[in-house]
$ cat coords_2.tsv   # TSV, C-alpha atoms
chain	number	residue	atom	x	y	z
A	20	MET	CA	5.42	-9.72	10.99
A	21	LYS	CA	7.62	-6.74	10.25
A	22	ARG	CA	6.17	-3.40	9.20
A	23	THR	CA	6.34	-2.43	5.55
A	24	SER	CA	9.59	-0.67	4.78
A	25	PRO	CA	9.43	2.72	3.06
A	26	LEU	CA	12.44	1.68	0.95
A	27	VAL	CA	10.48	-1.28	-0.46
A	28	LEU	CA	7.57	1.01	-1.33
A	29	ILE	CA	9.89	3.49	-3.06
A	30	LEU	CA	11.64	0.74	-5.03
A	31	LEU	CA	8.31	-0.74	-6.12
A	32	ALA	CA	7.07	2.72	-7.18
A	33	LEU	CA	10.23	3.29	-9.22
A	34	ALA	CA	9.93	-0.15	-10.84
A	35	GLY	CA	6.26	0.48	-11.61
A	36	GLY	CA	7.13	3.87	-13.09
A	37	GLY	CA	9.76	2.33	-15.34
A	38	ILE	CA	7.36	-0.37	-16.49
A	39	GLY	CA	4.59	2.16	-17.20
A	40	TYR	CA	6.94	4.37	-19.18
A	41	LEU	CA	8.32	1.38	-21.10
A	42	ILE	CA	4.85	0.03	-21.96
A	43	ASP	CA	3.74	3.38	-23.38
A	44	HIS	CA	7.01	3.76	-25.27
A	45	LEU	CA	6.68	0.30	-26.81
A	46	LEU	CA	3.05	0.91	-27.74
A	47	THR	CA	3.78	4.19	-29.52
A	48	ALA	CA	6.90	2.76	-31.19
A	49	SER	CA	4.76	0.01	-32.70
A	50	GLY	CA	2.19	2.54	-33.94
A	51	ARG	CA	-0.50	1.84	-31.35
A	52	ALA	CA	-2.30	4.24	-29.04
A	53	THR	CA	-0.89	4.88	-25.59
A	54	PHE	CA	-2.25	2.94	-22.65
A	55	SER	CA	-5.05	4.64	-20.76
A	56	PRO	CA	-6.47	2.97	-17.67
A	57	SER	CA	-10.17	2.51	-17.15
A	58	GLY	CA	-12.00	5.20	-15.23
A	59	PHE	CA	-13.13	2.48	-12.85
A	60	LEU	CA	-9.57	1.67	-11.70
A	61	PRO	CA	-9.18	4.72	-9.40
A	62	LEU	CA	-12.57	3.93	-7.86
A	63	LEU	CA	-11.52	0.34	-7.30
A	64	LEU	CA	-8.33	1.48	-5.57
A	65	LEU	CA	-10.35	3.78	-3.32
A	66	LEU	CA	-12.70	0.90	-2.49
A	67	LEU	CA	-9.69	-1.21	-1.55
A	68	ALA	CA	-8.42	1.59	0.70
A	69	THR	CA	-11.80	1.77	2.43
A	70	ALA	CA	-11.96	-2.01	2.85
A	71	CYS	CA	-8.47	-2.01	4.29
A	72	LEU	CA	-9.38	0.53	6.96
A	73	VAL	CA	-12.73	-1.14	7.71
A	74	LEU	CA	-11.03	-4.51	8.27
A	75	ALA	CA	-8.32	-3.04	10.50
A	76	TRP	CA	-10.61	-0.86	12.65
A	77	PRO	CA	-11.97	-3.68	14.88
A	78	VAL	CA	-8.40	-4.81	15.55
A	79	ARG	CA	-7.44	-1.30	16.65
A	80	ARG	CA	-10.54	-1.03	18.83
A	81	SER	CA	-9.77	-4.38	20.45
A	82	LEU	CA	-6.16	-3.38	21.15
A	83	ARG	CA	-7.10	0.01	22.59
A	84	ASP	CA	-9.98	-1.18	24.73
A	85	PRO	CA	-9.58	-4.81	25.91
A	86	SER	CA	-12.98	-4.64	27.66
A	87	ARG	CA	-14.61	-4.90	24.21
A	88	GLY	CA	-13.38	-8.48	24.01
A	89	ARG	CA	-10.57	-10.26	22.28
A	90	ILE	CA	-10.43	-10.35	18.54
A	91	ASP	CA	-9.56	-13.54	16.71
A	92	PRO	CA	-5.77	-13.51	16.10
A	93	PHE	CA	-6.26	-14.99	12.63
A	94	ARG	CA	-8.63	-12.16	11.75
A	95	ALA	CA	-6.06	-9.63	12.95
A	96	MET	CA	-3.34	-11.34	10.92
A	97	ARG	CA	-5.54	-11.35	7.82
A	98	ALA	CA	-6.22	-7.63	8.24
A	99	ALA	CA	-2.49	-6.91	8.66
A	100	THR	CA	-1.58	-9.04	5.64
A	101	PHE	CA	-4.27	-7.37	3.53
A	102	ALA	CA	-2.95	-3.97	4.62
A	103	ARG	CA	0.60	-4.89	3.66
A	104	ALA	CA	-0.46	-6.24	0.27
A	105	SER	CA	-2.53	-3.11	-0.33
A	106	SER	CA	0.40	-0.82	0.45
A	107	LEU	CA	2.57	-2.73	-2.01
A	108	LEU	CA	-0.15	-2.57	-4.67
A	109	GLY	CA	-0.63	1.15	-4.01
A	110	ALA	CA	3.08	1.80	-4.49
A	111	ILE	CA	3.23	-0.21	-7.71
A	112	MET	CA	0.12	1.46	-9.15
A	113	ALA	CA	1.30	4.95	-8.16
A	114	GLY	CA	4.59	4.31	-9.93
A	115	PHE	CA	2.88	2.76	-12.96
A	116	GLY	CA	0.48	5.67	-13.32
A	117	SER	CA	3.34	8.15	-12.85
A	118	GLY	CA	5.34	6.43	-15.59
A	119	LEU	CA	2.38	6.62	-17.95
A	120	LEU	CA	1.80	10.27	-17.06
A	121	VAL	CA	5.46	11.22	-17.51
A	122	PHE	CA	5.51	9.58	-20.93
A	123	LEU	CA	2.37	11.45	-22.00
A	124	LEU	CA	3.70	14.80	-20.79
A	125	LEU	CA	7.14	14.39	-22.41
A	126	ARG	CA	5.78	13.68	-25.90
A	127	PRO	CA	5.97	16.49	-28.46
A	128	VAL	CA	2.25	16.03	-29.18
A	129	ALA	CA	-0.10	17.53	-26.60
A	130	PRO	CA	-1.94	14.74	-24.77
A	131	GLN	CA	-5.70	14.58	-24.51
A	132	VAL	CA	-7.09	16.12	-21.35
A	133	GLY	CA	-9.03	12.94	-20.56
A	134	SER	CA	-5.85	10.87	-20.57
A	135	VAL	CA	-4.04	13.25	-18.24
A	136	VAL	CA	-7.02	13.34	-15.87
A	137	ALA	CA	-7.26	9.53	-15.89
A	138	MET	CA	-3.54	9.15	-15.11
A	139	THR	CA	-3.68	11.79	-12.38
A	140	ALA	CA	-6.70	10.11	-10.81
A	141	LEU	CA	-4.88	6.76	-10.93
A	142	VAL	CA	-1.80	8.17	-9.20
A	143	ALA	CA	-3.84	10.02	-6.56
A	144	SER	CA	-6.02	7.02	-5.72
A	145	ALA	CA	-2.99	4.73	-5.59
A	146	LEU	CA	-1.31	7.10	-3.12
A	147	VAL	CA	-4.50	7.14	-1.04
A	148	LEU	CA	-4.50	3.33	-1.07
A	149	ALA	CA	-0.87	3.14	0.03
A	150	GLY	CA	-1.46	5.67	2.81
A	151	ALA	CA	-4.63	4.00	4.05
A	152	ALA	CA	-2.91	0.62	4.00
A	153	LEU	CA	-0.01	1.93	6.07
A	154	VAL	CA	-2.49	3.37	8.58
A	155	ALA	CA	-4.36	0.05	8.67
A	156	GLU	CA	-1.08	-1.77	9.22
A	157	GLN	CA	-0.39	0.57	12.15
A	158	PHE	CA	-3.85	-0.28	13.53
A	159	CYS	CA	-2.89	-3.96	13.57
A	160	THR	CA	0.44	-3.47	15.35
A	161	LEU	CA	0.61	-4.84	18.87
A	162	PRO	CA	2.03	-2.55	21.54
A	163	LYS	CA	5.44	-3.53	22.91
A	164	GLU	CA	5.34	-5.41	26.18
A	165	PRO	CA	8.01	-4.46	28.72
A	166	ASP	CA	9.07	-8.10	29.14
A	167	ASP	CA	9.34	-8.79	25.38
A	168	ARG	CA	13.01	-9.20	24.54
A	169	GLN	CA	14.71	-10.83	21.64
A	170	PRO	CA	16.93	-13.84	22.45
A	171	ASP	CA	20.02	-11.96	21.22
A	172	ASP	CA	19.16	-8.85	23.29
A	173	PRO	CA	22.08	-8.01	25.63
A	174	ALA	CA	19.60	-6.76	28.25
A	175	ALA	CA	18.09	-10.26	28.44
A	176	GLY	CA	21.41	-11.71	29.66
A	177	ALA	CA	21.83	-8.99	32.28
A	178	ASP	CA	18.62	-10.05	34.05
A	179	ARG	CA	19.82	-13.63	34.49
A	180	SER	CA	22.93	-12.75	36.49

$ encode --input "coords_2.tsv" --output "structure tokens"
Amino acid sequence: MKRTSPLVLILLALAGGGIGYLIDHLLTASGRATFSPSGFLPLLLLLLATACLVLAWPVRRSLRDPSRGRIDPFRAMRAATFARASSLLGAIMAGFGSGLLVFLLLRPVAPQVGSVVAMTALVASALVLAGAALVAEQFCTLPKEPDDRQPDDPAAGADRS
């Protein structure tokens, strides 16, 4: 499995930001109140970040110290997949919260302090989730073996001659 690309995370954050901005714009254009996330959402994102690191830690320990025993490869793959999904979710939510926050701050009417705090907490916790997920993904990365070569690697053909 390839590592999560920073370009993908940036594109998802930009898309999430555009969607957040558009949702708030459409809500206010139709005469409704702007969207404000629940106060529980940042806590949930922080719980996901913690779970991501807790699941990846035994994999890291097993890779660093083989005397502790082998870890189930399916468990390691699940931890890596969860870390990747969490980094994507963190990027989307950071962008979404940023789009909501930008819309609130660009309005001619001063926003409520509670809304700004909620959006800032959402963006901060989403960034923490994305960072923790990238660290957890690093924990699940196998070290390169010296004899691991790709079939199209020119160095692989040089050893055969």

$ closest_atom_pairs --input "coords_2.tsv" --of "segment 79-150 of chain A" --to "segment 154-162 of chain A" --cutoff "6 Å" --atoms "all atoms listed in the file" --output "CSV"
residue,atom,partner,partner_atom,distance
A:Arg79,CA,A:Phe158,CA,4.9
A:Ala99,CA,A:Glu156,CA,5.4
A:Ala102,CA,A:Glu156,CA,5.4

$ residues_around --input "coords_2.tsv" --residues "Ala110 of chain A" --least-positions-apart "6" --cutoff "9 Å" --atoms "all atoms listed in the file" --output "ChimeraX atom specification"
/A:27-33,35,145-146,148-149

$ atom_distance --input "coords_2.tsv" --atom1 "atom CA of Leu65 of chain A" --atom2 "atom CA of Leu125 of chain A"
28.0 Å

$ atom_distance --input "coords_2.tsv" --atom1 "atom CA of Thr139 of chain A" --atom2 "atom CA of Phe59 of chain A"
13.3 Å

$ residues_around --input "coords_2.tsv" --residues "Val132 of chain A" --least-positions-apart "4" --cutoff "12 Å" --atoms "all atoms listed in the file" --output "list of chain:residue names"
A:Ser55, A:Leu120, A:Leu123, A:Leu124, A:Val136, A:Ala137, A:Met138, A:Thr139

$ atom_distance --input "coords_2.tsv" --atom1 "atom CA of Pro130 of chain A" --atom2 "atom CA of Ser57 of chain A"
16.6 Å

$ closest_residue --input "coords_2.tsv" --among "A:Ala34, A:Ala113, A:Ala52, A:Val78" --to "Ala95 of chain A" --atoms "all atoms listed in the file"
A:Val78

$ closest_residue --input "coords_2.tsv" --among "A:Ser105, A:Ser24, A:Ser81, A:Gln131" --to "Leu64 of chain A" --atoms "all atoms listed in the file"
A:Ser105

$ closest_residue --input "coords_2.tsv" --among "A:Pro56, A:Pro85, A:Gly50, A:Pro25" --to "Leu119 of chain A" --atoms "only C-alpha atoms"
A:Pro56

$ closest_residue --input "coords_2.tsv" --among "A:Gly118, A:Pro127, A:Pro77, A:Gly58" --to "Ile90 of chain A" --atoms "only C-alpha atoms"
A:Pro77

$ closest_residue --input "coords_2.tsv" --among "A:Ile38, A:Leu66, A:Met112, A:Met96" --to "Ala143 of chain A" --atoms "only C-alpha atoms"
A:Met112

$ closest_residue --input "coords_2.tsv" --among "A:Ala68, A:Leu62, A:Val147, A:Val121" --to "Val135 of chain A" --atoms "only C-alpha atoms"
A:Val121

$ axis_aligned_box --input "coords_2.tsv" --around "segment 153-163 of chain A" --padding-each-side "5 Å" --output "AutoDock Vina command-line options"
--center_x 0.5 --center_y -0.7 --center_z 14.5 --size_x 19.8 --size_y 18.2 --size_z 26.8

$ decode --input "coords_2.tsv" --residues "segment 123-139 of chain A" --atoms "all heavy atoms" --output "compact mmCIF listing (two decimals), in the first residue's frame"
# COMPACT_ATOMS: atom_id res chain seq x y z
N LEU A 123 -18.07 32.78 7.52
CA LEU A 123 -18.51 33.58 8.68
C LEU A 123 -17.72 34.87 8.81
O LEU A 123 -18.28 35.93 9.14
CB LEU A 123 -18.37 32.77 9.96
CG LEU A 123 -19.48 31.79 10.29
CD1 LEU A 123 -19.17 31.09 11.60
CD2 LEU A 123 -20.81 32.49 10.37
N LEU A 124 -16.42 34.80 8.60
CA LEU A 124 -15.57 35.98 8.81
C LEU A 124 -15.70 37.00 7.68
O LEU A 124 -15.39 38.18 7.89
CB LEU A 124 -14.12 35.55 8.98
CG LEU A 124 -13.84 34.71 10.24
CD1 LEU A 124 -12.39 34.27 10.27
CD2 LEU A 124 -14.22 35.46 11.50
N LEU A 125 -16.13 36.58 6.49
CA LEU A 125 -16.26 37.51 5.37
C LEU A 125 -17.62 38.20 5.30
O LEU A 125 -17.80 39.09 4.48
CB LEU A 125 -15.98 36.78 4.04
CG LEU A 125 -14.55 36.32 3.82
CD1 LEU A 125 -14.42 35.63 2.48
CD2 LEU A 125 -13.59 37.49 3.92
N ARG A 126 -18.55 37.79 6.13
CA ARG A 126 -19.87 38.42 6.12
C ARG A 126 -19.79 39.82 6.72
O ARG A 126 -18.97 40.10 7.59
CB ARG A 126 -20.85 37.57 6.93
CG ARG A 126 -21.14 36.24 6.26
CD ARG A 126 -22.14 35.45 7.01
NE ARG A 126 -23.42 36.16 6.98
CZ ARG A 126 -24.41 35.92 7.81
NH1 ARG A 126 -24.29 35.00 8.75
NH2 ARG A 126 -25.54 36.58 7.73
N PRO A 127 -20.67 40.72 6.27
CA PRO A 127 -20.65 42.08 6.85
C PRO A 127 -21.15 42.11 8.29
O PRO A 127 -20.81 43.02 9.04
CB PRO A 127 -21.58 42.87 5.93
CG PRO A 127 -22.37 41.87 5.18
CD PRO A 127 -21.60 40.61 5.16
N VAL A 128 -21.92 41.10 8.69
CA VAL A 128 -22.43 41.02 10.06
C VAL A 128 -21.39 40.28 10.90
O VAL A 128 -20.87 39.25 10.49
CB VAL A 128 -23.77 40.26 10.09
CG1 VAL A 128 -24.29 40.13 11.51
CG2 VAL A 128 -24.78 40.93 9.19
N ALA A 129 -21.11 40.81 12.08
CA ALA A 129 -20.14 40.16 12.96
C ALA A 129 -20.69 38.81 13.43
O ALA A 129 -21.83 38.74 13.91
CB ALA A 129 -19.82 41.05 14.15
N PRO A 130 -19.90 37.75 13.30
CA PRO A 130 -20.40 36.43 13.73
C PRO A 130 -20.39 36.30 15.24
O PRO A 130 -19.69 37.01 15.95
CB PRO A 130 -19.40 35.45 13.10
CG PRO A 130 -18.15 36.23 12.95
CD PRO A 130 -18.57 37.66 12.72
N GLN A 131 -21.19 35.35 15.72
CA GLN A 131 -21.21 35.08 17.15
C GLN A 131 -19.89 34.43 17.56
O GLN A 131 -19.30 33.66 16.80
CB GLN A 131 -22.36 34.14 17.50
CG GLN A 131 -23.72 34.73 17.28
CD GLN A 131 -24.81 33.73 17.62
OE1 GLN A 131 -24.55 32.59 17.99
NE2 GLN A 131 -26.05 34.17 17.51
N VAL A 132 -19.44 34.74 18.74
CA VAL A 132 -18.17 34.21 19.23
C VAL A 132 -18.22 32.69 19.32
O VAL A 132 -17.26 31.99 18.98
CB VAL A 132 -17.80 34.84 20.59
CG1 VAL A 132 -16.55 34.21 21.17
CG2 VAL A 132 -17.63 36.33 20.46
N GLY A 133 -19.36 32.15 19.75
CA GLY A 133 -19.50 30.70 19.86
C GLY A 133 -19.34 29.99 18.53
O GLY A 133 -18.75 28.90 18.46
N SER A 134 -19.83 30.59 17.46
CA SER A 134 -19.69 29.98 16.13
C SER A 134 -18.23 29.98 15.69
O SER A 134 -17.75 28.98 15.14
CB SER A 134 -20.53 30.74 15.11
OG SER A 134 -21.89 30.62 15.40
N VAL A 135 -17.54 31.07 15.92
CA VAL A 135 -16.13 31.15 15.53
C VAL A 135 -15.30 30.16 16.33
O VAL A 135 -14.43 29.47 15.78
CB VAL A 135 -15.61 32.60 15.69
CG1 VAL A 135 -14.11 32.66 15.44
CG2 VAL A 135 -16.35 33.54 14.76
N VAL A 136 -15.58 30.04 17.62
CA VAL A 136 -14.85 29.09 18.47
C VAL A 136 -15.13 27.66 18.02
O VAL A 136 -14.22 26.83 17.94
CB VAL A 136 -15.22 29.31 19.96
CG1 VAL A 136 -14.68 28.18 20.82
CG2 VAL A 136 -14.69 30.64 20.44
N ALA A 137 -16.38 27.36 17.69
CA ALA A 137 -16.74 26.01 17.24
C ALA A 137 -16.03 25.66 15.93
O ALA A 137 -15.51 24.55 15.77
CB ALA A 137 -18.25 25.89 17.07
N MET A 138 -15.99 26.61 15.00
CA MET A 138 -15.31 26.37 13.71
C MET A 138 -13.81 26.22 13.91
O MET A 138 -13.18 25.36 13.30
CB MET A 138 -15.57 27.51 12.73
CG MET A 138 -16.98 27.79 12.42
SD MET A 138 -17.83 26.42 11.67
CE MET A 138 -19.46 27.05 11.71
N THR A 139 -13.23 27.04 14.76
CA THR A 139 -11.80 26.96 15.02
C THR A 139 -11.44 25.64 15.69
O THR A 139 -10.43 25.01 15.35
CB THR A 139 -11.35 28.14 15.89
OG1 THR A 139 -11.75 29.36 15.26
CG2 THR A 139 -9.85 28.16 16.07
